[in-house]
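Have a look at the structure below before the remarks.
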Amino acid sequence: MQFFILALATVLALTPRPTNATRTSLISRAHKIAVKHSTGLARDLRVAFAGILISDPQSSPSQKAYCVSPSSSTSSTSSSNSSSWAHPSSSVSGKASPTGTHSPSATPSAPPSPWQPIATYSGATFFNGWSFWNTADPTHGNVQYLSQTDAQNAGLAQINSAGNAVMRVDTTPTVSINRSSVRITTDLSFTEGLVIMDAVHMPTGCGTWPAFWSNGPNWPAGGEIDIIEGVNDYTNNQATIHTSDGCSLPTSSTSQLNIQGTVVGGTNCAADETGNQGCGVRSFSNTTFGSGFNSIGGGVYAMLWQNSGIQIFFFPRGSIPSDIAAGAPQPNNWSAPMANWPSTDCNMSSHFYNHSVIFDTTLCGDWAGSAWTGSGTPGQEQSCAQLTGYSTCAAFVQNSGSSFSDAYWEVSSMQIYQYQS
């Protein structure tokens, strides 16, 4: 109505001394102008409020209005790389999606977490902040660890087309003594924290002994936490701690420890009292290590280290908690851990401190070599001696380079968090 009156006044003002007939014509003209402007206003209002209108369930199909959310956007240092799982803004740049299909198209939302990242390793910058070990293997393996330059020149340490970090064993057909491999250690050290690592592949096969672990100074005084470890064709991960004297598990009961694994090697965790064995837990699941892990596209391992104890968690691909995917971990909401070492009979602060994180793949050595003729462990139905036809692990390593094509880590990302109260 207001448009009609305004239009009429405008037309009359522009028409000098109108007659009655002219007035009738002018009123009709003003009406058309008002209708036209009203329609334009309605259209403009629909455009202006399109972002906040919601669908009216009682409206006819031709009259529904929908809220259109703004498109999500994330910053990245490279247009070809995207995050394997979302990270807080303080994370290191250069993240990349793994070869699996779990990479989200948008950052999931989650409640704030008291766990804040102090370091992130992923994508094109994954190897920044690591030192490459290039001296003799302390576990007496048949490997020659290479410096970063030598490993990258040999193609044993690289970022692949998926943006994942790959660390592999040399597959030269024959070697005279030791086979080249990679071992890396973070320059950062920390006391207590949460380590979360996403991998799509780990080394597997006879002769291999891969590990993902953390270690303190003056071994075993500063403690060792083996997050992922196993040998040969094993499919069930074994997590272990090694300590100085005076640390033990309060029980070997799976139910009392509330774990998804079995205690192996006893409850005494002291390295020098157990022949360096420590106290370990073997997972119930045959997809937590080696070929079993690789067959499901890997997953996420988490190591939670607090004054109250140490826990190891594993989440298969497709079952990764949303808080991890959102970069806001909430360990209190996770399912039961694979392994658990409570502080009941182990003072955490005196047995674990100043840890660095390590990836390595050795060959043979103290464990894989001694297990060469053994069988019966999950995944190892036949011994490697039977499977390969070689009586010793060392002979196999020296003469069967092509057998190590699956002896590689492919890691999407790793983060170290610490609790911020």
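Chain lettering (A, B, ...) mirrors the order of the structure tokens, residue numbering begins at 1 for each chain separately, and ligand numbering begins at 1 in order of display.
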
* Exercise: Val397 in chain A partners within 9 Å, only C-alpha atoms, chain neighbours under 2 positions left out, as a PyMOL selection string -> chain A and resi 142+174-175+177-179+207+363-364+392-395+399-401+403-404

Can you spit out the residues from that selection as a tab-separated table (two decimals), in the first residue's frame, using all heavy atoms?
```tsv
chain	number	residue	atom	x	y	z
A	142	ASN	N	70.94	-56.89	11.28
A	142	ASN	CA	71.70	-56.90	10.03
A	142	ASN	C	71.29	-55.72	9.15
A	142	ASN	O	70.81	-55.89	8.03
A	142	ASN	CB	71.49	-58.22	9.29
A	142	ASN	CG	72.13	-59.38	10.00
A	142	ASN	OD1	71.48	-60.13	10.72
A	142	ASN	ND2	73.45	-59.53	9.82
A	174	THR	N	71.15	-58.61	-3.57
A	174	THR	CA	72.06	-59.22	-2.58
A	174	THR	C	72.97	-58.14	-1.97
A	174	THR	O	73.32	-57.15	-2.63
A	174	THR	CB	72.97	-60.29	-3.22
A	174	THR	OG1	73.77	-59.70	-4.26
A	174	THR	CG2	72.14	-61.43	-3.79
A	175	VAL	N	73.32	-58.34	-0.72
A	175	VAL	CA	74.26	-57.45	-0.03
A	175	VAL	C	75.29	-58.32	0.66
A	175	VAL	O	75.02	-59.48	1.01
A	175	VAL	CB	73.54	-56.55	1.00
A	175	VAL	CG1	72.60	-55.59	0.31
A	175	VAL	CG2	72.82	-57.37	2.06
A	177	ILE	N	76.87	-57.84	3.68
A	177	ILE	CA	76.71	-58.05	5.13
A	177	ILE	C	75.34	-57.52	5.60
A	177	ILE	O	74.44	-58.29	5.88
A	177	ILE	CB	77.84	-57.37	5.92
A	177	ILE	CG1	79.21	-57.90	5.50
A	177	ILE	CG2	77.64	-57.59	7.43
A	177	ILE	CD1	80.38	-57.22	6.20
A	178	ASN	N	75.23	-56.19	5.63
A	178	ASN	CA	74.01	-55.57	6.16
A	178	ASN	C	73.21	-54.86	5.07
A	178	ASN	O	73.77	-54.38	4.08
A	178	ASN	CB	74.36	-54.57	7.27
A	178	ASN	CG	74.92	-55.25	8.50
A	178	ASN	OD1	74.63	-56.42	8.77
A	178	ASN	ND2	75.74	-54.53	9.26
A	179	ARG	N	71.91	-54.77	5.29
A	179	ARG	CA	71.00	-54.13	4.34
A	179	ARG	C	70.64	-52.74	4.87
A	179	ARG	O	70.39	-52.56	6.07
A	179	ARG	CB	69.76	-55.00	4.16
A	179	ARG	CG	68.86	-54.60	3.01
A	179	ARG	CD	67.83	-55.69	2.71
A	179	ARG	NE	68.47	-56.88	2.12
A	179	ARG	CZ	68.78	-56.99	0.84
A	179	ARG	NH1	68.54	-55.99	0.01
A	179	ARG	NH2	69.34	-58.10	0.39
A	207	GLY	N	62.21	-61.71	8.82
A	207	GLY	CA	63.44	-60.95	9.00
A	207	GLY	C	63.24	-59.54	9.51
A	207	GLY	O	64.19	-58.91	9.98
A	363	LEU	N	66.59	-55.50	11.03
A	363	LEU	CA	66.43	-56.83	10.44
A	363	LEU	C	67.18	-57.84	11.29
A	363	LEU	O	68.30	-57.59	11.73
A	363	LEU	CB	66.97	-56.84	9.01
A	363	LEU	CG	66.35	-55.82	8.05
A	363	LEU	CD1	67.09	-55.82	6.71
A	363	LEU	CD2	64.86	-56.08	7.84
A	364	CYS	N	66.52	-58.97	11.53
A	364	CYS	CA	67.09	-60.03	12.38
A	364	CYS	C	67.32	-59.48	13.78
A	364	CYS	O	66.37	-59.11	14.46
A	364	CYS	CB	68.37	-60.59	11.77
A	364	CYS	SG	68.15	-61.24	10.09
A	392	THR	N	69.22	-69.42	8.49
A	392	THR	CA	69.47	-68.28	9.37
A	392	THR	C	68.84	-67.02	8.80
A	392	THR	O	68.71	-66.86	7.57
A	392	THR	CB	70.98	-68.02	9.57
A	392	THR	OG1	71.56	-67.59	8.33
A	392	THR	CG2	71.69	-69.27	10.06
A	393	CYS	N	68.49	-66.12	9.70
A	393	CYS	CA	67.90	-64.85	9.30
A	393	CYS	C	68.91	-64.01	8.51
A	393	CYS	O	68.58	-63.39	7.50
A	393	CYS	CB	67.43	-64.09	10.54
A	393	CYS	SG	66.60	-62.52	10.22
A	394	ALA	N	70.17	-64.00	8.96
A	394	ALA	CA	71.20	-63.19	8.30
A	394	ALA	C	71.38	-63.60	6.84
A	394	ALA	O	71.51	-62.74	5.96
A	394	ALA	CB	72.51	-63.33	9.06
A	395	ALA	N	71.39	-64.90	6.57
A	395	ALA	CA	71.56	-65.38	5.19
A	395	ALA	C	70.39	-64.93	4.32
A	395	ALA	O	70.57	-64.56	3.15
A	395	ALA	CB	71.69	-66.90	5.18
A	399	ASN	N	70.58	-62.28	0.93
A	399	ASN	CA	70.36	-62.86	-0.41
A	399	ASN	C	68.95	-62.72	-0.97
A	399	ASN	O	68.69	-63.22	-2.08
A	399	ASN	CB	70.73	-64.35	-0.37
A	399	ASN	CG	72.20	-64.58	-0.10
A	399	ASN	OD1	73.05	-64.36	-0.96
A	399	ASN	ND2	72.51	-65.01	1.12
A	400	SER	N	68.06	-62.05	-0.27
A	400	SER	CA	66.66	-62.02	-0.73
A	400	SER	C	66.08	-60.60	-0.69
A	400	SER	O	65.07	-60.34	-0.04
A	400	SER	CB	65.79	-62.96	0.13
A	400	SER	OG	66.25	-64.27	0.05
A	401	GLY	N	66.73	-59.70	-1.40
A	401	GLY	CA	66.31	-58.31	-1.40
A	401	GLY	C	64.85	-58.09	-1.78
A	401	GLY	O	64.15	-57.26	-1.17
A	403	SER	N	62.38	-59.78	-1.15
A	403	SER	CA	61.46	-60.18	-0.08
A	403	SER	C	61.13	-59.01	0.85
A	403	SER	O	60.22	-59.13	1.69
A	403	SER	CB	62.08	-61.31	0.75
A	403	SER	OG	62.30	-62.45	-0.05
A	404	PHE	N	61.84	-57.88	0.71
A	404	PHE	CA	61.62	-56.75	1.60
A	404	PHE	C	60.84	-55.61	0.95
A	404	PHE	O	60.88	-54.47	1.41
A	404	PHE	CB	62.97	-56.26	2.14
A	404	PHE	CG	63.67	-57.30	2.97
A	404	PHE	CD1	64.65	-58.12	2.42
A	404	PHE	CD2	63.31	-57.50	4.29
A	404	PHE	CE1	65.26	-59.10	3.17
A	404	PHE	CE2	63.91	-58.48	5.05
A	404	PHE	CZ	64.89	-59.29	4.50
```

* To do: Measuring atom to atom with only C-alpha atoms, identify which of A:Asn237, A:Ser252, A:Ser176, A:Gln260 is nearest to Phe293 in chain A.
  =>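 Between A:Asn237, A:Ser252, A:Ser176, A:Gln260, the residue approaching Phe293 in chain A most closely is A:Asn237.
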
Could I get the residues of range 193-230 of chain A with an atom no further than 7 Å from an atom of range 365-384 of chain A, each paired with its nearest atom pair and that distance in Å to one decimal, using only C-alpha atoms, sorted by chain and residue number, as JSON lines?
```
{"residue": "A:Cys206", "atom": "CA", "partner": "A:Cys384", "partner_atom": "CA", "distance": 5.8}
{"residue": "A:Gly207", "atom": "CA", "partner": "A:Ala368", "partner_atom": "CA", "distance": 5.9}
{"residue": "A:Thr208", "atom": "CA", "partner": "A:Ala368", "partner_atom": "CA", "distance": 6.5}
{"residue": "A:Trp209", "atom": "CA", "partner": "A:Ala368", "partner_atom": "CA", "distance": 5.9}
```

Output N, CA and C atoms for every residue in that selection, as a PDB file, in the first residue's frame.
```
ATOM      1  N   CYS A 206      59.224 -61.889   6.947  1.00  0.00           N
ATOM      2  CA  CYS A 206      60.310 -62.579   7.640  1.00  0.00           C
ATOM      3  C   CYS A 206      61.569 -61.722   7.659  1.00  0.00           C
ATOM      4  N   GLY A 207      62.210 -61.708   8.822  1.00  0.00           N
ATOM      5  CA  GLY A 207      63.443 -60.949   9.003  1.00  0.00           C
ATOM      6  C   GLY A 207      63.242 -59.536   9.513  1.00  0.00           C
ATOM      7  N   THR A 208      62.002 -58.989   9.431  1.00  0.00           N
ATOM      8  CA  THR A 208      61.768 -57.600   9.826  1.00  0.00           C
ATOM      9  C   THR A 208      61.475 -57.484  11.326  1.00  0.00           C
ATOM     10  N   TRP A 209      61.865 -56.334  11.874  1.00  0.00           N
ATOM     11  CA  TRP A 209      61.597 -56.007  13.277  1.00  0.00           C
ATOM     12  C   TRP A 209      61.339 -54.496  13.353  1.00  0.00           C
TER      13      TRP A 209
END
```
